[in-house]
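Asker: Here it is: the structure, laid out below.
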Amino acid sequence: MKIKQTVALGLMGCFLFSNTAFAAPTPPDPTITAEQQELTVAASGDGNAAVVAPKSDLITAKKIQSKNDFLEINITYPVISGLTNADFQEQLNYFIEKQVTKAKDDIERQAEEYYQEAQKNGWEIRPYQLFIEYDLKTNNEDYLSFTLTYYTYTAGANGMTVVSCINIDKKANMPIHLQDLFPEGADYKTRINTEIAKQIELRSQDKEEMFFEGDMGFKSISDTQDFYLKDNDIVIVFSKYEIAPGAMGIPEFAIDLAELKDSLTVKDGSKIVIEGLEIKTVMNRDNQVVMIPLRLAAEKLGYTVIWRDEDQSVLLTKGEASAKLRIGDNIYVANEKIPYILEASPVIINEYTYVPVSFLEKVLLYKL
């Protein structure tokens with residue numbers, strides 16, 4: 001008989017976030033608040049024990065434990081309380097409990113089948129295992145963010161670990177998709193991809209860290225990418241074996257969220273025309289300044305554009321005229337001596353430098 005391997009519901013977070021409403025549940029077990037000092041234990045006749053223990057403000061821990069000759073289960077999952085929308089809170093708790101219960105039921109069924117088959121064939125019993133735990137990452141006025149880690153072992157060479165991330169907007173009482181953290185139309189995926197690629201390159205210099213390369217290597221985050229919020233960072237989470245060998249575990253990449261937001265611009269769909277060349281513009285997120293791709297515009301005007309990686313600067317030259325600028329600095333220098341303070345600093349988008357459209361007239365003296 002072919003024994004199926006339990007895969008620990010890694011899509012739970014994605015499914016959760018793709019729905020702003022959950023299936024109508026029957027009410028979950030009464031919530032035990034964090035203020036309670038004693039554990040509540042409900043033991044069943046089969047030796048299973050369900051324990052609800054104080055964990056933290058807004059979240060309490062519920063435990064399910066059992067063990068026999070062919071299966072060990074140790075589950076700790078969160079029960080949410082204190083949200084301002086009772087219906088959403090009930091649906092969220094029901095959904096979490098349903099997924100945990102399904103994982104438990106599945107491995108119990110599979111372990112029983114395995115045990116019966118092992119006895120019939122005289123196999124050595126290798127007990128199945130299901131371990132589930134959660135880790136609170138953020139719990140502030142705005143967000144609740146935590147992970148659920150599933151580990152399953154089904155008598156093979158190795159077990160399987162899957163991490164699912166759950167992020168809640170506490171004020172809006174709704175799950176958060178990755179795109180919800182950024183302005184509408186912002187190219188957040190490119191910026192995150194660039195940062196992850198840089199971190200992979202840096203971390204790969206450590207002999208203990210390895211990532212797949214080529215076709216198997218990192219290409220891009222997905223539309224349903226798992227992530228959690230921790231301190232001031234957004235932490236991007238990949239599945240085991242997705243972009244790295246199993247020895248690397250669950251790859252994670254922390255990115256400063258405020259810095260990431262500040263670097264984003266929004267595609268506004270407008271265009272300008274320079275010497276007959278139509279150029280698409282973008283809108284700076286923070287101050288709504290129209291930005292243009294520097295190289296495309298400058299080269300059309302006859303300038304030579306030189307990028308200097310060592311100080312993240314750009315030098316434009318045309319005969320005796322020149323202009324210099326640096327990424328993140330809103331002071332632009334013309335002809336090596338005349339500084340112009342423009343309304344926005346240069347930024348990099350999709351590996352191209354963008355400057356305010358006013359750069360053309362004030363620094364390059366070109367009138368549109």
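The way I read the labels, and the way they are meant: chains A, B, ... in the order of the structure tokens, residue 1 as the first residue of every chain, and ligand 1 as the first ligand shown, with later ones counted on from there.
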DSSP on the backbone: what in region 152-339 of chain A comes out alpha helix (DSSP H), as a list in words?

Answerer: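 Answer for region 152-339 of chain A restricted to alpha helix (DSSP H) is Tyr188, Lys189, Thr190, Arg191, Ile192, Asn193, Thr194, Glu195, Ile196, Ala197, Lys198, Gln199, Ile200, Glu201, Leu202, Arg203, Leu257, Ala258, Glu259, Leu260, Lys261, Asp262, Leu294, Arg295, Leu296, Ala297, Ala298, Glu299 and Lys300 of chain A.
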
Asker: Can you spit out the residues from that selection as a PDB file, in the first residue's frame, using N, CA and C atoms?

Answerer:
```
ATOM      1  N   TYR A 188       6.157  47.378  -6.233  1.00  0.00           N
ATOM      2  CA  TYR A 188       6.809  46.844  -5.032  1.00  0.00           C
ATOM      3  C   TYR A 188       7.537  45.535  -5.307  1.00  0.00           C
ATOM      4  N   LYS A 189       7.048  44.746  -6.259  1.00  0.00           N
ATOM      5  CA  LYS A 189       7.678  43.450  -6.520  1.00  0.00           C
ATOM      6  C   LYS A 189       9.099  43.621  -7.044  1.00  0.00           C
ATOM      7  N   THR A 190       9.299  44.582  -7.938  1.00  0.00           N
ATOM      8  CA  THR A 190      10.645  44.801  -8.478  1.00  0.00           C
ATOM      9  C   THR A 190      11.609  45.238  -7.389  1.00  0.00           C
ATOM     10  N   ARG A 191      11.167  46.145  -6.525  1.00  0.00           N
ATOM     11  CA  ARG A 191      12.042  46.618  -5.453  1.00  0.00           C
ATOM     12  C   ARG A 191      12.375  45.489  -4.485  1.00  0.00           C
ATOM     13  N   ILE A 192      11.388  44.677  -4.140  1.00  0.00           N
ATOM     14  CA  ILE A 192      11.641  43.559  -3.230  1.00  0.00           C
ATOM     15  C   ILE A 192      12.546  42.533  -3.900  1.00  0.00           C
ATOM     16  N   ASN A 193      12.294  42.243  -5.172  1.00  0.00           N
ATOM     17  CA  ASN A 193      13.143  41.293  -5.904  1.00  0.00           C
ATOM     18  C   ASN A 193      14.603  41.753  -5.926  1.00  0.00           C
ATOM     19  N   THR A 194      14.804  43.046  -6.162  1.00  0.00           N
ATOM     20  CA  THR A 194      16.162  43.586  -6.208  1.00  0.00           C
ATOM     21  C   THR A 194      16.860  43.416  -4.865  1.00  0.00           C
ATOM     22  N   GLU A 195      16.137  43.698  -3.800  1.00  0.00           N
ATOM     23  CA  GLU A 195      16.723  43.587  -2.459  1.00  0.00           C
ATOM     24  C   GLU A 195      17.034  42.131  -2.117  1.00  0.00           C
ATOM     25  N   ILE A 196      16.140  41.225  -2.457  1.00  0.00           N
ATOM     26  CA  ILE A 196      16.384  39.809  -2.174  1.00  0.00           C
ATOM     27  C   ILE A 196      17.588  39.310  -2.963  1.00  0.00           C
ATOM     28  N   ALA A 197      17.685  39.705  -4.234  1.00  0.00           N
ATOM     29  CA  ALA A 197      18.828  39.296  -5.062  1.00  0.00           C
ATOM     30  C   ALA A 197      20.138  39.785  -4.451  1.00  0.00           C
ATOM     31  N   LYS A 198      20.139  41.017  -3.932  1.00  0.00           N
ATOM     32  CA  LYS A 198      21.353  41.547  -3.291  1.00  0.00           C
ATOM     33  C   LYS A 198      21.707  40.747  -2.041  1.00  0.00           C
ATOM     34  N   GLN A 199      20.692  40.410  -1.251  1.00  0.00           N
ATOM     35  CA  GLN A 199      20.946  39.653  -0.032  1.00  0.00           C
ATOM     36  C   GLN A 199      21.436  38.242  -0.342  1.00  0.00           C
ATOM     37  N   ILE A 200      20.891  37.634  -1.378  1.00  0.00           N
ATOM     38  CA  ILE A 200      21.345  36.300  -1.774  1.00  0.00           C
ATOM     39  C   ILE A 200      22.816  36.343  -2.180  1.00  0.00           C
ATOM     40  N   GLU A 201      23.173  37.355  -2.969  1.00  0.00           N
ATOM     41  CA  GLU A 201      24.568  37.496  -3.407  1.00  0.00           C
ATOM     42  C   GLU A 201      25.499  37.670  -2.210  1.00  0.00           C
ATOM     43  N   LEU A 202      25.082  38.488  -1.255  1.00  0.00           N
ATOM     44  CA  LEU A 202      25.912  38.727  -0.076  1.00  0.00           C
ATOM     45  C   LEU A 202      26.006  37.483   0.803  1.00  0.00           C
ATOM     46  N   ARG A 203      24.872  36.845   1.034  1.00  0.00           N
ATOM     47  CA  ARG A 203      24.855  35.678   1.922  1.00  0.00           C
ATOM     48  C   ARG A 203      25.555  34.477   1.304  1.00  0.00           C
ATOM     49  N   LEU A 257      10.838  48.115   6.023  1.00  0.00           N
ATOM     50  CA  LEU A 257       9.580  48.440   5.357  1.00  0.00           C
ATOM     51  C   LEU A 257       9.468  49.931   5.044  1.00  0.00           C
ATOM     52  N   ALA A 258       9.862  50.783   5.980  1.00  0.00           N
ATOM     53  CA  ALA A 258       9.770  52.228   5.743  1.00  0.00           C
ATOM     54  C   ALA A 258      10.671  52.645   4.588  1.00  0.00           C
ATOM     55  N   GLU A 259      11.880  52.092   4.558  1.00  0.00           N
ATOM     56  CA  GLU A 259      12.818  52.399   3.474  1.00  0.00           C
ATOM     57  C   GLU A 259      12.275  51.924   2.140  1.00  0.00           C
ATOM     58  N   LEU A 260      11.670  50.745   2.171  1.00  0.00           N
ATOM     59  CA  LEU A 260      11.102  50.181   0.954  1.00  0.00           C
ATOM     60  C   LEU A 260       9.981  51.059   0.418  1.00  0.00           C
ATOM     61  N   LYS A 261       9.096  51.503   1.295  1.00  0.00           N
ATOM     62  CA  LYS A 261       7.992  52.357   0.870  1.00  0.00           C
ATOM     63  C   LYS A 261       8.504  53.684   0.311  1.00  0.00           C
ATOM     64  N   ASP A 262       9.517  54.235   0.974  1.00  0.00           N
ATOM     65  CA  ASP A 262      10.056  55.529   0.526  1.00  0.00           C
ATOM     66  C   ASP A 262      10.677  55.450  -0.858  1.00  0.00           C
ATOM     67  N   LEU A 294      16.297  59.062 -16.483  1.00  0.00           N
ATOM     68  CA  LEU A 294      17.367  60.010 -16.784  1.00  0.00           C
ATOM     69  C   LEU A 294      18.122  59.673 -18.060  1.00  0.00           C
ATOM     70  N   ARG A 295      18.605  58.450 -18.163  1.00  0.00           N
ATOM     71  CA  ARG A 295      19.456  58.106 -19.315  1.00  0.00           C
ATOM     72  C   ARG A 295      18.718  58.301 -20.631  1.00  0.00           C
ATOM     73  N   LEU A 296      17.485  57.837 -20.686  1.00  0.00           N
ATOM     74  CA  LEU A 296      16.713  57.943 -21.928  1.00  0.00           C
ATOM     75  C   LEU A 296      16.575  59.407 -22.353  1.00  0.00           C
ATOM     76  N   ALA A 297      16.242  60.287 -21.378  1.00  0.00           N
ATOM     77  CA  ALA A 297      16.044  61.697 -21.700  1.00  0.00           C
ATOM     78  C   ALA A 297      17.368  62.379 -22.028  1.00  0.00           C
ATOM     79  N   ALA A 298      18.399  62.121 -21.222  1.00  0.00           N
ATOM     80  CA  ALA A 298      19.677  62.815 -21.404  1.00  0.00           C
ATOM     81  C   ALA A 298      20.354  62.419 -22.706  1.00  0.00           C
ATOM     82  N   GLU A 299      20.346  61.139 -23.014  1.00  0.00           N
ATOM     83  CA  GLU A 299      20.994  60.695 -24.260  1.00  0.00           C
ATOM     84  C   GLU A 299      20.267  61.239 -25.478  1.00  0.00           C
ATOM     85  N   LYS A 300      18.932  61.399 -25.381  1.00  0.00           N
ATOM     86  CA  LYS A 300      18.194  61.991 -26.489  1.00  0.00           C
ATOM     87  C   LYS A 300      18.619  63.441 -26.718  1.00  0.00           C
TER      88      LYS A 300
END
```

Asker: From a DSSP pass on the backbone, collect the residues of region 62-125 of chain A flagged as strand (DSSP E or B) and hand them back as a ChimeraX atom specification.

Answerer: /A:62-67,71-80

Asker: Generate a file of the selected residues that holds C-alpha atoms, formatted as a PDB file, in the first residue's frame.

Answerer:
```
ATOM      1  CA  LYS A  62      -4.329  26.176  22.688  1.00  0.00           C
ATOM      2  CA  LYS A  63      -2.511  22.836  22.868  1.00  0.00           C
ATOM      3  CA  ILE A  64      -3.392  19.376  21.586  1.00  0.00           C
ATOM      4  CA  GLN A  65      -1.108  16.517  22.578  1.00  0.00           C
ATOM      5  CA  SER A  66      -1.219  12.760  22.161  1.00  0.00           C
ATOM      6  CA  LYS A  67       1.222   9.888  21.786  1.00  0.00           C
ATOM      7  CA  LEU A  71       1.960   8.549  16.225  1.00  0.00           C
ATOM      8  CA  GLU A  72       3.050  11.572  18.244  1.00  0.00           C
ATOM      9  CA  ILE A  73       1.104  14.835  18.052  1.00  0.00           C
ATOM     10  CA  ASN A  74       2.135  18.077  19.697  1.00  0.00           C
ATOM     11  CA  ILE A  75       0.166  21.118  18.537  1.00  0.00           C
ATOM     12  CA  THR A  76       0.097  24.666  19.844  1.00  0.00           C
ATOM     13  CA  TYR A  77      -2.045  27.104  17.913  1.00  0.00           C
ATOM     14  CA  PRO A  78      -3.326  30.619  18.639  1.00  0.00           C
ATOM     15  CA  VAL A  79      -6.796  31.722  19.661  1.00  0.00           C
ATOM     16  CA  ILE A  80      -7.366  35.393  18.883  1.00  0.00           C
TER      17      ILE A  80
END
```

Asker: Residues at most 8 Å from Val355 (chain A), counting only C-alpha atoms, excluding those fewer than 6 positions away in the same chain, as a list in words?

Answerer: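 Answer for this query is Met291, Ile292, Pro293, Leu294, Ala344, Ser345, Pro346 and Val347 of chain A.
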
Asker: Create the file for the chosen residues now, containing C-alpha atoms and written as a PDB file, in the first residue's frame.

Answerer:
```pdb
ATOM      1  CA  MET A 291       9.765  61.580 -12.550  1.00  0.00           C
ATOM      2  CA  ILE A 292      11.449  60.627 -15.842  1.00  0.00           C
ATOM      3  CA  PRO A 293      14.100  58.050 -16.776  1.00  0.00           C
ATOM      4  CA  LEU A 294      17.367  60.010 -16.784  1.00  0.00           C
ATOM      5  CA  ALA A 344      12.710  65.098  -5.248  1.00  0.00           C
ATOM      6  CA  SER A 345      15.902  63.057  -5.058  1.00  0.00           C
ATOM      7  CA  PRO A 346      16.920  60.652  -7.821  1.00  0.00           C
ATOM      8  CA  VAL A 347      15.657  57.098  -7.308  1.00  0.00           C
TER       9      VAL A 347
END
```

Asker: Could you check which of A:Asn93, A:Gln110, A:Gln119, A:Asn85 is closest to Ala61 (chain A), using only C-alpha atoms?

Answerer: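 Using only C-alpha atoms, the shortest distance to Ala61 (chain A) belongs to A:Asn93.
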
Asker: Which residues, written as a VMD selection string, have at least one atom at most 12 Å from Ser270 (chain A), with only C-alpha atoms counted and residues fewer than 3 positions away on the same chain left out?

Answerer: chain A and resid 266 to 267 273 278 to 283 290 to 292 357

Asker: Could you take the residues named above and write them with N, CA and C atoms, as a short mmCIF file (atom, residue, chain, number, x, y, z; two decimals), in the first residue's frame?

Answerer:
```
data_model
loop_
_atom_site.label_atom_id
_atom_site.label_comp_id
_atom_site.auth_asym_id
_atom_site.auth_seq_id
_atom_site.Cartn_x
_atom_site.Cartn_y
_atom_site.Cartn_z
N VAL A 266 4.91 55.49 -8.16
CA VAL A 266 3.68 54.95 -8.73
C VAL A 266 3.61 55.29 -10.20
N LYS A 267 3.27 54.29 -11.00
CA LYS A 267 3.11 54.54 -12.43
C LYS A 267 1.87 55.39 -12.65
N VAL A 273 7.27 64.43 -24.25
CA VAL A 273 7.94 64.25 -25.55
C VAL A 273 9.19 65.13 -25.57
N GLU A 278 8.89 59.99 -27.27
CA GLU A 278 7.86 59.90 -26.24
C GLU A 278 8.40 59.09 -25.06
N ILE A 279 8.35 59.68 -23.87
CA ILE A 279 8.91 59.05 -22.67
C ILE A 279 7.82 58.93 -21.61
N LYS A 280 7.66 57.73 -21.07
CA LYS A 280 6.68 57.52 -20.00
C LYS A 280 7.24 58.00 -18.66
N THR A 281 6.38 58.57 -17.86
CA THR A 281 6.78 59.09 -16.56
C THR A 281 6.19 58.23 -15.43
N VAL A 282 6.73 58.46 -14.23
CA VAL A 282 6.15 57.83 -13.03
C VAL A 282 5.93 58.94 -12.01
N MET A 283 5.18 58.62 -10.96
CA MET A 283 4.87 59.60 -9.94
C MET A 283 5.57 59.23 -8.64
N VAL A 290 6.42 64.32 -10.63
CA VAL A 290 6.56 63.54 -11.85
C VAL A 290 8.04 63.27 -12.10
N MET A 291 8.38 62.00 -12.36
CA MET A 291 9.76 61.58 -12.55
C MET A 291 9.94 60.98 -13.95
N ILE A 292 11.16 61.15 -14.51
CA ILE A 292 11.45 60.63 -15.84
C ILE A 292 12.73 59.78 -15.79
N VAL A 357 11.03 65.74 -13.46
CA VAL A 357 10.98 66.28 -14.81
C VAL A 357 11.54 67.69 -14.86
#
```

Asker: Please measure the separation of CA of Ala244 (chain A) and CA of Asp206 (chain A), giving the value in Å to one decimal.

Answerer: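 Calculated distance between CA of Ala244 (chain A) and CA of Asp206 (chain A) is 14.0 Å.
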
Asker: Set the distance at 6 Å and use only C-alpha atoms: which residues neighbour Val237 (chain A) once local chain neighbours fewer than 5 positions away are removed? I'd like the list as number ranges by chain.

Answerer: A: 226-227, 252

Asker: Report, in Å to a single decimal, how far apart CA of Lys230 (chain A) and CA of Ile348 (chain A) are.

Answerer: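 Spanning CA of Ile348 (chain A) to CA of Lys230 (chain A) is a straight-line distance of 25.6 Å.
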
Asker: Using only C-alpha atoms, which residue out of A:Thr84, A:Gly214, A:Val289, A:Leu325 lies closest to Val305 (chain A)?

Answerer: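 Ranked by minimum distance to Val305 (chain A), first place goes to A:Leu325.
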
Asker: Could you pull the residues within 10 Å of Lys367 (chain A), counting only C-alpha atoms, minus those fewer than 5 positions along the same chain, as a list in words?

Answerer: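 Everything that qualifies: Ile274, Ser358, Leu360, Glu361 and Lys362 of chain A.
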
Asker: CA of Leu130 (chain A) and CA of Ile166 (chain A), how far apart in Å?

Answerer: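 Atom-to-atom, CA of Ile166 (chain A) to CA of Leu130 (chain A), that is 20.1 Å.
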